[in-house]
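Undergrad: This is start.txt, which holds compact mmCIF, C-alpha atoms and all ligand atoms:
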```
# COMPACT_ATOMS: atom_id res chain seq x y z
CA MET C 1 -1.83 -16.26 21.18
CA LYS C 2 0.74 -18.98 21.81
CA LYS C 3 4.36 -18.20 21.03
CA LEU C 4 5.39 -19.53 17.65
CA ILE C 5 8.96 -19.65 16.38
CA TYR C 6 8.94 -18.36 12.81
CA PHE C 7 11.82 -19.90 10.83
CA ASP C 8 10.36 -19.37 7.35
CA ASN C 9 11.85 -16.00 6.46
CA ALA C 10 13.11 -17.28 3.10
CA ALA C 11 9.45 -17.60 2.07
CA THR C 12 8.50 -14.19 3.45
CA SER C 13 9.85 -12.20 6.37
CA PHE C 14 7.81 -12.06 9.55
CA PRO C 15 7.33 -10.07 11.68
CA LYS C 16 7.79 -6.73 9.93
CA PRO C 17 9.07 -3.63 11.72
CA PRO C 18 6.04 -1.75 13.16
CA GLN C 19 6.90 1.23 10.92
CA VAL C 20 5.87 -0.84 7.89
CA THR C 21 2.32 -1.35 9.14
CA GLU C 22 2.16 2.27 10.34
CA ALA C 23 3.19 3.57 6.89
CA MET C 24 0.51 1.45 5.24
CA VAL C 25 -2.19 2.55 7.70
CA HIS C 26 -1.08 6.16 7.18
CA PHE C 27 -1.35 5.77 3.41
CA MET C 28 -4.82 4.22 3.70
CA THR C 29 -6.22 6.67 6.23
CA GLU C 30 -4.45 9.97 5.52
CA VAL C 31 -3.37 9.86 1.89
CA GLY C 32 -5.36 7.39 -0.19
CA ALA C 33 -4.96 9.19 -3.54
CA ASN C 34 -3.46 7.90 -6.78
CA PRO C 35 0.10 9.15 -7.42
CA GLY C 36 0.66 10.77 -10.81
CA ARG C 37 -3.08 10.75 -11.52
CA GLY C 38 -3.99 14.24 -10.28
CA GLY C 39 -2.49 17.57 -9.37
CA HIS C 40 -4.20 17.87 -6.01
CA ALA C 41 -2.57 17.80 -2.60
CA LEU C 42 -3.23 14.14 -1.78
CA ALA C 43 -2.11 12.89 -5.20
CA LYS C 44 1.11 14.89 -4.72
CA GLU C 45 1.59 13.39 -1.25
CA ALA C 46 1.10 9.87 -2.63
CA GLU C 47 3.65 10.68 -5.33
CA ARG C 48 6.11 11.88 -2.69
CA ILE C 49 5.72 8.63 -0.75
CA VAL C 50 6.32 6.46 -3.85
CA GLN C 51 9.36 8.57 -4.74
CA HIS C 52 10.66 8.22 -1.19
CA THR C 53 10.59 4.42 -1.58
CA ARG C 54 12.39 4.65 -4.93
CA GLU C 55 15.06 6.86 -3.37
CA GLY C 56 15.54 4.53 -0.40
CA LEU C 57 16.13 1.65 -2.81
CA THR C 58 18.67 3.67 -4.80
CA ARG C 59 20.62 4.28 -1.59
CA LEU C 60 20.42 0.62 -0.58
CA PHE C 61 21.70 -0.74 -3.90
CA ASN C 62 23.86 2.26 -4.95
CA ILE C 63 21.67 2.84 -8.00
CA PRO C 64 22.72 6.03 -9.81
CA ASP C 65 19.20 7.24 -10.68
CA PRO C 66 15.88 6.48 -8.90
CA GLY C 67 14.12 6.76 -12.27
CA ARG C 68 15.81 3.49 -13.33
CA ILE C 69 13.77 1.52 -10.75
CA VAL C 70 10.32 0.24 -11.74
CA PHE C 71 7.88 -1.27 -9.29
CA THR C 72 6.30 -4.68 -9.89
CA LEU C 73 4.11 -7.01 -7.85
CA ASN C 74 7.02 -9.31 -6.97
CA ILE C 75 10.35 -10.55 -8.28
CA THR C 76 8.58 -13.15 -10.43
CA GLU C 77 7.01 -10.30 -12.40
CA SER C 78 10.37 -8.50 -12.55
CA ILE C 79 12.11 -11.57 -14.01
CA ASN C 80 9.26 -12.19 -16.47
CA THR C 81 9.52 -8.56 -17.56
CA VAL C 82 13.19 -9.01 -18.47
CA LEU C 83 12.78 -12.41 -20.15
CA ASN C 84 9.79 -11.33 -22.23
CA GLY C 85 10.94 -7.77 -22.83
CA PHE C 86 14.62 -8.15 -23.58
CA LEU C 87 15.08 -11.35 -25.54
CA ASN C 88 14.65 -11.73 -29.28
CA GLU C 89 14.21 -14.71 -31.58
CA GLY C 90 17.45 -16.71 -31.75
CA ASP C 91 18.98 -15.45 -28.49
CA HIS C 92 20.83 -17.77 -26.14
CA ILE C 93 20.60 -17.33 -22.38
CA ILE C 94 22.34 -18.87 -19.41
CA THR C 95 21.20 -19.52 -15.87
CA THR C 96 22.27 -21.76 -13.00
CA ALA C 97 21.15 -24.96 -11.33
CA MET C 98 20.49 -23.01 -8.13
CA ASP C 99 17.94 -20.77 -9.80
CA HIS C 100 14.29 -20.67 -8.79
CA ASN C 101 11.28 -21.63 -10.88
CA ALA C 102 10.66 -17.87 -11.18
CA VAL C 103 13.55 -18.01 -13.68
CA LEU C 104 13.40 -21.58 -14.92
CA ARG C 105 9.73 -21.72 -15.89
CA PRO C 106 9.49 -18.53 -17.99
CA MET C 107 12.87 -19.38 -19.54
CA LYS C 108 11.77 -22.92 -20.46
CA HIS C 109 8.52 -21.54 -21.83
CA LEU C 110 10.37 -19.29 -24.28
CA GLU C 111 12.62 -22.21 -25.19
CA SER C 112 9.67 -24.55 -25.81
CA LYS C 113 8.18 -21.96 -28.18
CA GLY C 114 11.44 -22.15 -30.16
CA MET C 115 12.28 -18.53 -29.44
CA ILE C 116 15.51 -18.96 -27.47
CA THR C 117 18.10 -21.58 -26.54
CA THR C 118 19.29 -22.03 -22.98
CA ASP C 119 22.07 -23.47 -20.86
CA ILE C 120 21.83 -24.26 -17.16
CA ILE C 121 25.24 -24.18 -15.48
CA PRO C 122 25.83 -26.90 -12.89
CA CYS C 123 26.54 -26.17 -9.25
CA ASP C 124 28.50 -28.31 -6.81
CA ARG C 125 27.24 -30.17 -3.74
CA GLN C 126 27.43 -26.97 -1.69
CA GLY C 127 25.54 -24.99 -4.31
CA PHE C 128 28.46 -23.03 -5.80
CA LEU C 129 28.35 -22.20 -9.47
CA ASP C 130 30.92 -23.86 -11.75
CA LEU C 131 32.61 -20.74 -13.17
CA ASP C 132 34.64 -22.74 -15.73
CA ALA C 133 31.45 -24.28 -17.08
CA LEU C 134 29.95 -20.77 -17.28
CA LYS C 135 32.93 -19.59 -19.32
CA LYS C 136 32.60 -22.56 -21.69
CA ALA C 137 28.85 -22.07 -22.13
CA LEU C 138 29.17 -18.53 -23.49
CA LYS C 139 28.22 -18.27 -27.17
CA ARG C 140 28.27 -15.54 -29.76
CA ASN C 141 24.49 -15.13 -29.40
CA THR C 142 24.39 -15.21 -25.57
CA ARG C 143 22.20 -12.22 -24.77
CA LEU C 144 21.62 -12.61 -21.03
CA VAL C 145 23.03 -14.39 -17.98
CA ILE C 146 20.77 -14.86 -14.96
CA VAL C 147 22.23 -15.70 -11.56
CA ASN C 148 20.53 -16.36 -8.27
CA HIS C 149 22.48 -14.28 -5.74
CA ALA C 150 21.74 -16.66 -2.86
CA SER C 151 20.01 -20.00 -2.87
CA ASN C 152 16.61 -20.09 -1.23
CA VAL C 153 17.27 -23.77 -0.47
CA CYS C 154 20.60 -23.71 1.39
CA GLY C 155 21.70 -20.06 1.39
CA THR C 156 24.77 -20.45 -0.89
CA LEU C 157 25.97 -17.03 -2.09
CA GLN C 158 27.34 -16.71 -5.62
CA ASP C 159 30.24 -14.40 -6.41
CA ILE C 160 28.41 -11.90 -8.63
CA ALA C 161 31.49 -9.80 -9.44
CA ALA C 162 33.34 -12.95 -10.59
CA VAL C 163 30.41 -13.88 -12.85
CA LYS C 164 30.39 -10.39 -14.38
CA ASN C 165 34.12 -10.59 -14.89
CA ILE C 166 33.67 -13.77 -16.93
CA ILE C 167 30.71 -12.63 -19.02
CA GLY C 168 32.02 -9.13 -19.79
CA ASP C 169 29.55 -7.01 -21.72
CA ILE C 170 26.76 -9.60 -21.75
CA PRO C 171 23.95 -8.23 -19.56
CA LEU C 172 23.66 -9.82 -16.11
CA LEU C 173 20.31 -10.22 -14.34
CA VAL C 174 20.65 -10.94 -10.63
CA ASP C 175 17.82 -12.51 -8.62
CA THR C 176 18.23 -10.88 -5.21
CA ALA C 177 15.11 -12.41 -3.63
CA GLN C 178 17.21 -13.86 -0.80
CA THR C 179 19.79 -11.09 -0.36
CA ALA C 180 18.20 -7.66 -0.91
CA GLY C 181 18.14 -5.98 2.49
CA CYS C 182 20.32 -8.47 4.40
CA TYR C 183 23.50 -8.58 2.30
CA PRO C 184 25.43 -5.66 0.76
CA ILE C 185 24.54 -5.12 -2.91
CA ASP C 186 26.09 -2.42 -5.08
CA VAL C 187 24.98 -2.47 -8.70
CA VAL C 188 28.00 -0.44 -9.83
CA ARG C 189 30.67 -2.39 -7.94
CA ASP C 190 29.11 -5.77 -8.76
CA GLY C 191 28.43 -4.99 -12.44
CA ILE C 192 24.70 -5.73 -12.20
CA ASP C 193 22.79 -4.73 -15.34
CA PHE C 194 19.33 -5.86 -14.23
CA LEU C 195 18.61 -6.19 -10.52
CA ALA C 196 15.36 -7.94 -9.67
CA PHE C 197 14.05 -7.70 -6.10
CA THR C 198 11.02 -8.71 -4.13
CA GLY C 199 9.66 -6.50 -1.38
CA HIS C 200 8.35 -8.99 1.16
CA LYS C 201 11.45 -10.92 2.18
CA SER C 202 14.54 -9.23 3.65
CA LEU C 203 13.40 -5.82 2.40
CA LEU C 204 10.77 -6.19 5.14
CA GLY C 205 7.92 -4.78 3.05
CA PRO C 206 4.47 -6.29 2.46
CA GLN C 207 3.60 -9.03 -0.02
CA GLY C 208 2.65 -7.76 -3.47
CA THR C 209 5.67 -5.48 -3.81
CA GLY C 210 8.83 -5.84 -5.85
CA GLY C 211 10.79 -4.17 -8.57
CA LEU C 212 13.47 -4.05 -11.16
CA TYR C 213 16.49 -1.84 -11.80
CA LEU C 214 17.78 -1.49 -15.36
CA ARG C 215 21.18 -0.02 -16.06
CA GLU C 216 21.24 3.15 -18.18
CA GLY C 217 21.19 2.22 -21.86
CA LEU C 218 19.11 -0.95 -21.44
CA THR C 219 15.51 -0.96 -22.61
CA LEU C 220 12.69 -3.49 -22.33
CA ARG C 221 9.43 -4.08 -24.14
CA PRO C 222 6.74 -3.74 -21.46
CA LEU C 223 4.87 -6.79 -20.16
CA LYS C 224 1.71 -4.67 -20.09
CA ARG C 225 0.69 -1.34 -21.57
CA GLY C 226 -1.86 1.22 -20.35
CA GLY C 227 -2.40 4.38 -18.39
CA THR C 228 0.58 5.93 -16.70
CA GLY C 229 -0.77 9.37 -15.83
CA THR C 230 1.68 10.88 -18.35
CA LEU C 231 1.38 11.76 -22.08
CA SER C 232 -2.33 10.94 -21.92
CA GLU C 233 -2.95 12.52 -25.33
CA SER C 234 -0.91 9.75 -26.97
CA LEU C 235 -2.12 6.23 -27.73
CA ASP C 236 1.47 4.97 -27.56
CA GLN C 237 3.13 3.76 -24.39
CA PRO C 238 5.64 6.32 -23.03
CA ASP C 239 9.19 5.21 -23.76
CA PHE C 240 10.79 6.74 -20.67
CA LEU C 241 11.27 5.08 -17.28
CA PRO C 242 9.67 4.36 -14.96
CA ASP C 243 6.41 4.99 -16.88
CA ALA C 244 7.33 2.71 -19.80
CA LEU C 245 7.14 -0.29 -17.47
CA GLU C 246 4.62 0.91 -14.85
CA SER C 247 1.16 0.81 -16.42
CA GLY C 248 -1.97 0.93 -14.31
CA THR C 249 -2.35 1.88 -10.66
CA GLN C 250 0.41 0.32 -8.61
CA ASN C 251 0.21 -1.31 -5.16
CA ASN C 252 0.87 2.12 -3.67
CA VAL C 253 -0.12 1.19 -0.14
CA GLY C 254 2.37 -1.68 -0.43
CA ILE C 255 5.03 0.62 -1.85
CA ALA C 256 4.50 2.93 1.15
CA GLY C 257 5.11 -0.07 3.45
CA LEU C 258 8.12 -1.16 1.42
CA GLY C 259 9.58 2.35 1.79
CA ALA C 260 9.29 2.05 5.57
CA GLY C 261 10.97 -1.37 5.44
CA VAL C 262 13.85 0.09 3.43
CA ASP C 263 14.10 3.04 5.85
CA PHE C 264 14.38 0.56 8.71
CA ILE C 265 17.19 -1.28 6.90
CA LEU C 266 19.06 1.96 6.09
CA GLU C 267 18.74 3.17 9.70
CA THR C 268 19.78 -0.18 11.18
CA GLY C 269 22.50 -0.82 8.59
CA VAL C 270 22.79 -3.83 6.26
CA GLU C 271 26.05 -4.76 8.02
CA THR C 272 24.31 -4.88 11.42
CA ILE C 273 21.50 -7.02 10.00
CA MET C 274 23.98 -9.34 8.31
CA LYS C 275 26.08 -9.63 11.49
CA HIS C 276 23.06 -10.63 13.57
CA GLU C 277 21.91 -13.16 10.99
CA ARG C 278 25.43 -14.60 10.74
CA GLU C 279 25.57 -15.08 14.51
CA LEU C 280 22.28 -16.95 14.42
CA THR C 281 23.41 -19.05 11.45
CA ALA C 282 26.71 -19.98 13.12
CA LEU C 283 24.85 -21.03 16.26
CA LEU C 284 22.33 -23.07 14.30
CA ILE C 285 24.96 -24.85 12.21
CA GLN C 286 27.08 -25.58 15.28
CA GLY C 287 24.08 -27.00 17.15
CA LEU C 288 22.91 -29.11 14.22
CA ARG C 289 26.40 -30.46 13.57
CA GLU C 290 26.44 -32.01 17.00
CA ILE C 291 23.32 -34.05 16.25
CA THR C 292 24.07 -37.49 14.86
CA GLY C 293 21.47 -38.40 12.28
CA VAL C 294 21.04 -35.03 10.60
CA THR C 295 22.65 -33.89 7.35
CA ILE C 296 23.13 -30.18 6.78
CA TYR C 297 23.37 -28.81 3.21
CA GLY C 298 25.18 -25.78 1.86
CA PRO C 299 28.54 -24.14 2.55
CA LEU C 300 28.26 -24.39 6.38
CA ASP C 301 30.25 -21.15 6.46
CA VAL C 302 28.45 -17.96 7.43
CA THR C 303 30.60 -15.83 5.15
CA LYS C 304 29.48 -17.86 2.14
CA GLN C 305 25.77 -18.19 2.81
CA THR C 306 22.68 -16.42 4.07
CA SER C 307 20.74 -17.38 7.18
CA THR C 308 18.96 -20.21 5.36
CA VAL C 309 19.96 -23.72 6.39
CA SER C 310 18.56 -26.93 4.94
CA ILE C 311 18.62 -30.30 6.66
CA THR C 312 17.39 -33.84 6.22
CA PHE C 313 17.11 -36.71 8.62
CA ASP C 314 19.56 -39.25 7.30
CA SER C 315 17.09 -42.05 6.82
CA LEU C 316 15.69 -40.09 3.88
CA LEU C 317 18.76 -40.12 1.78
CA PRO C 318 18.08 -41.87 -1.50
CA GLY C 319 20.86 -44.29 -2.29
CA GLY C 320 22.43 -44.40 1.16
CA GLU C 321 25.48 -42.81 2.76
CA ASP C 322 27.01 -41.60 -0.46
CA GLN C 323 24.26 -39.02 -0.78
CA SER C 324 25.33 -37.20 2.37
CA LEU C 325 28.57 -35.93 0.83
CA GLY C 326 27.13 -32.49 0.24
CA GLY C 327 26.40 -31.99 3.91
CA CYS C 328 28.33 -32.36 7.07
CA GLY C 329 26.22 -34.46 9.40
CA SER C 330 26.88 -38.10 10.05
CA ILE C 331 24.76 -41.15 9.42
CA ASN C 332 22.87 -42.91 12.17
CA LEU C 333 21.99 -46.28 10.69
CA ALA C 334 19.36 -46.90 13.37
CA TRP C 335 17.21 -44.25 11.71
CA MET C 336 17.66 -45.38 8.13
CA GLU C 337 14.17 -46.87 8.16
CA GLU C 338 12.39 -44.64 10.60
CA GLY C 339 13.31 -40.98 10.24
CA PRO C 340 10.58 -38.63 9.05
CA LEU C 341 10.43 -37.29 5.52
CA PRO C 342 10.96 -33.53 5.25
CA SER C 343 7.22 -32.94 4.91
CA GLU C 344 6.54 -35.08 8.00
CA ALA C 345 9.30 -33.40 9.99
CA GLY C 346 7.92 -29.98 9.01
CA GLY C 347 4.53 -31.06 10.37
CA ILE C 348 6.08 -32.37 13.59
CA LEU C 349 8.02 -29.14 14.14
CA ASN C 350 4.81 -27.16 13.71
CA LYS C 351 2.44 -29.39 15.66
CA ASN C 352 4.67 -30.61 18.48
CA PHE C 353 7.10 -27.71 18.87
CA ASP C 354 5.36 -24.58 17.47
CA ILE C 355 8.28 -24.11 15.05
CA LEU C 356 7.30 -22.93 11.57
CA VAL C 357 9.54 -24.04 8.70
CA ARG C 358 9.12 -24.97 5.06
CA ALA C 359 9.72 -28.50 3.83
CA GLY C 360 10.03 -29.88 0.30
CA LEU C 361 11.56 -28.52 -2.90
CA HIS C 362 11.07 -24.77 -2.30
CA CYS C 363 10.35 -24.10 -6.01
CA ALA C 364 13.95 -24.92 -6.90
CA PRO C 365 14.03 -28.54 -8.16
CA LEU C 366 17.43 -28.30 -9.88
CA ALA C 367 19.04 -27.00 -6.70
CA HIS C 368 17.91 -30.17 -4.94
CA LYS C 369 19.36 -32.27 -7.77
CA ALA C 370 22.70 -30.49 -7.23
CA LEU C 371 22.56 -31.03 -3.47
CA GLY C 372 21.40 -34.65 -3.78
CA THR C 373 18.06 -34.05 -2.04
CA PHE C 374 15.69 -34.53 -4.99
CA PRO C 375 12.79 -35.46 -4.96
CA GLU C 376 11.91 -35.35 -1.24
CA GLY C 377 13.67 -32.04 -0.68
CA THR C 378 14.79 -30.70 2.67
CA ILE C 379 13.55 -29.08 5.83
CA ARG C 380 14.45 -25.43 5.47
CA LEU C 381 15.23 -23.38 8.56
CA SER C 382 15.38 -19.74 7.51
CA MET C 383 16.02 -16.94 9.96
CA GLY C 384 15.60 -13.20 9.82
CA TYR C 385 16.65 -10.11 11.73
CA PHE C 386 13.98 -10.59 14.38
CA ASN C 387 14.92 -14.14 15.34
CA THR C 388 16.90 -14.69 18.54
CA GLN C 389 19.65 -16.98 19.82
CA GLU C 390 17.17 -18.44 22.30
CA GLU C 391 14.92 -19.46 19.39
CA VAL C 392 17.86 -21.09 17.62
CA GLU C 393 18.61 -23.12 20.76
CA THR C 394 14.97 -24.22 20.97
CA VAL C 395 15.00 -25.30 17.32
CA VAL C 396 18.22 -27.31 17.77
CA LYS C 397 16.69 -29.08 20.79
CA ALA C 398 13.55 -29.88 18.78
CA VAL C 399 15.60 -31.39 15.94
CA GLN C 400 17.51 -33.45 18.51
CA ARG C 401 14.22 -34.74 19.94
CA ILE C 402 12.95 -35.70 16.49
CA VAL C 403 16.16 -37.67 15.88
CA GLU C 404 15.67 -39.44 19.21
CA GLY C 405 12.04 -40.13 18.43
CA ASN C 406 11.19 -38.16 21.59
CA ILE C 407 8.29 -36.16 20.23
C1 LIG H 501 15.54 -17.07 -5.17
C2 LIG H 501 14.09 -16.72 -5.37
N1 LIG H 501 13.69 -16.21 -6.54
C3 LIG H 501 12.41 -15.89 -6.77
C4 LIG H 501 11.44 -16.04 -5.81
C5 LIG H 501 10.03 -15.64 -6.09
O1 LIG H 501 9.64 -14.61 -5.23
P1 LIG H 501 8.20 -13.93 -5.35
O2 LIG H 501 7.21 -15.03 -5.01
O3 LIG H 501 8.20 -12.84 -4.35
O4 LIG H 501 8.04 -13.46 -6.74
C6 LIG H 501 11.81 -16.57 -4.56
C7 LIG H 501 10.79 -16.80 -3.52
O5 LIG H 501 10.77 -17.77 -2.84
C8 LIG H 501 13.16 -16.90 -4.34
O6 LIG H 501 13.57 -17.39 -3.17
```
Would you mind writing the file's structure down as structure tokens?
TA:
Amino acid sequence: MKKLIYFDNAATSFPKPPQVTEAMVHFMTEVGANPGRGGHALAKEAERIVQHTREGLTRLFNIPDPGRIVFTLNITESINTVLNGFLNEGDHIITTAMDHNAVLRPMKHLESKGMITTDIIPCDRQGFLDLDALKKALKRNTRLVIVNHASNVCGTLQDIAAVKNIIGDIPLLVDTAQTAGCYPIDVVRDGIDFLAFTGHKSLLGPQGTGGLYLREGLTLRPLKRGGTGTLSESLDQPDFLPDALESGTQNNVGIAGLGAGVDFILETGVETIMKHERELTALLIQGLREITGVTIYGPLDVTKQTSTVSITFDSLLPGGEDQSLGGCGSINLAWMEEGPLPSEAGGILNKNFDILVRAGLHCAPLAHKALGTFPEGTIRLSMGYFNTQEEVETVVKAVQRIVEGNI
């Protein structure tokens, strides 16, 4: 197979450590049973594997009790579980302009039904949350604040502890889709009340895995009810975690793989992963900055962002030079008419250079409004632990060739 450069880790990480596949094959071929649904040896072994994953996650996020983690199919389900299970008629909730449709759509749905009111806090041209505006938006009936830990568009990291400091006792839900596994997260230190995670990005697990941590004292109405393998004599849903929120047979083969991904992260060290990704990001930003005709979005500072970098070719900018203020590239007027749209550039990178990226709005339309890249969006270059400096250099050269029209 020809060598492809995978720069789409913000969508899902690839490749996975071999241990992840091995753990899933082991579960399928040697274990196979349903955890919590039988007292026999294989059911017990399946239970041990699921518990191992829960314990790995507690170590990764400094969660006091593994029983406070529930598994879901993905972070979208985790966020929906909180929004539908925590809010009551008349509540007010707050989120940010950098948040993903996984937050915005279920939130708007509840608002359109007249159940809740909402505020979306603006972010600046680099994607940072306006903390003063957050302070001003707080109301007596604010029941929940939801913050995207890092933008999936341009990598901007929000200061979670500062947010918690402002909102005090109001519960904080953090969307860690882009940070879990590649950036240090400590639910106690950061004051995180609900931590939503997805398994298939930097946690290096398979697709169809995710979860939610709820701080002690917080309860949720379940999104679904059913068999849990416990209290089977009762027709009522158990009220204890994790069973209260884990009805039906889980994606246990996926959870086995996720556990191996988390083991890999714990053995390698989040700091080591972050350091490698920062080196790649610095190299990419430096290389792109030298190309006249490309605008780069986000903080352009590896200590303030993840390894996700968004660019446009300057000819795309709606409204001319003024729109480039959020980035750091310079304008090449010769390309104002000719440069490819993000979707075209994504196709060129794939077809002509074997570089795989995502182009467009990345399910975060308000983030693009903040950055000034709505509606065409950006070309997103997102790296992971398994990318190399050599790949970054190849990508920079490909972008240069697109600018020159040398494709
Ligand atoms: C910030 C953010 N939140 C939520 C999601 C949704 O993730 P999933 O599709 O795994 O539910 C994504 C995925 O792109 C994301 O980047």
Undergrad: Pick from C:Ala398, C:Ile311, C:Val392, C:Ala282: nearest to C:Cys154, with only C-alpha atoms counted?
TA: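 Selected residue with least distance to C:Cys154: C:Ile311.
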Undergrad: So that each row is one residue of stretch 114-202 of chain C with an atom at most 9 Å from stretch 260-278 of chain C, can you give its shortest atom pair and the distance in Å to one decimal, using only C-alpha atoms, rows by chain and rising number, as a tab-separated table?
TA:
```
residue	atom	partner	partner_atom	distance
C:Gly181	CA	C:Val270	CA	6.4
C:Cys182	CA	C:Met274	CA	5.4
C:Tyr183	CA	C:Met274	CA	6.1
C:Pro184	CA	C:Val270	CA	6.4
C:Gly199	CA	C:Gly261	CA	8.6
C:Ser202	CA	C:Gly261	CA	8.8
```
Undergrad: Find, counting all atoms listed in the file, the residue in C:Ser247, C:Thr12, C:Asn152, C:Thr29 that gets nearest to C:Gly384.
TA: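 Under the stated criterion, the closest residue is C:Thr12.
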Undergrad: Please write out the residues within 7 Å of ligand LIG 501 (chain H) as a list in words, counting only C-alpha atoms and all ligand atoms.
TA: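 If we count only C-alpha atoms and all ligand atoms, the neighbours of ligand LIG 501 (chain H) turn out to be Ala10, Ala11, Asn74, Ile75, Thr76, Glu77, Asp99, His100, Ala102, Asn148, Ala150, Ser151, Asn152, Asp175, Thr176, Ala177, Gln178, Thr198 and His200 of chain C.
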Undergrad: Restricting the calculation to all atoms listed in the file: of C:Gly155, C:Gly347, C:Gly287, C:Gly210, which residue gets closest to C:Leu57?
TA: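 Counting all atoms listed in the file, the residue closest to C:Leu57 is C:Gly210.
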Undergrad: I'd like the box whose edges run along x, y and z of the file and which contains every listed atom of stretch 162-175 of chain C, padded by 4 Å per side; could you state its centre and edge lengths in Å, one decimal, as lines of an AutoDock Vina configuration file?
TA:
```
center_x = 26.0
center_y = -10.4
center_z = -15.2
size_x = 24.3
size_y = 14.9
size_z = 21.1
```
Undergrad: Using only C-alpha atoms for the distances, tell me which of C:Ala244, C:Val20, C:Leu258, C:Leu284 is nearest to C:Glu393.
TA: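 The answer is C:Leu284, which sits nearest to C:Glu393.
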Undergrad: In Å to one decimal, how far is atom CA of C:Arg358 from atom CA of C:Glu279?
TA: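 That distance, rounded to one decimal, is 21.4 Å.
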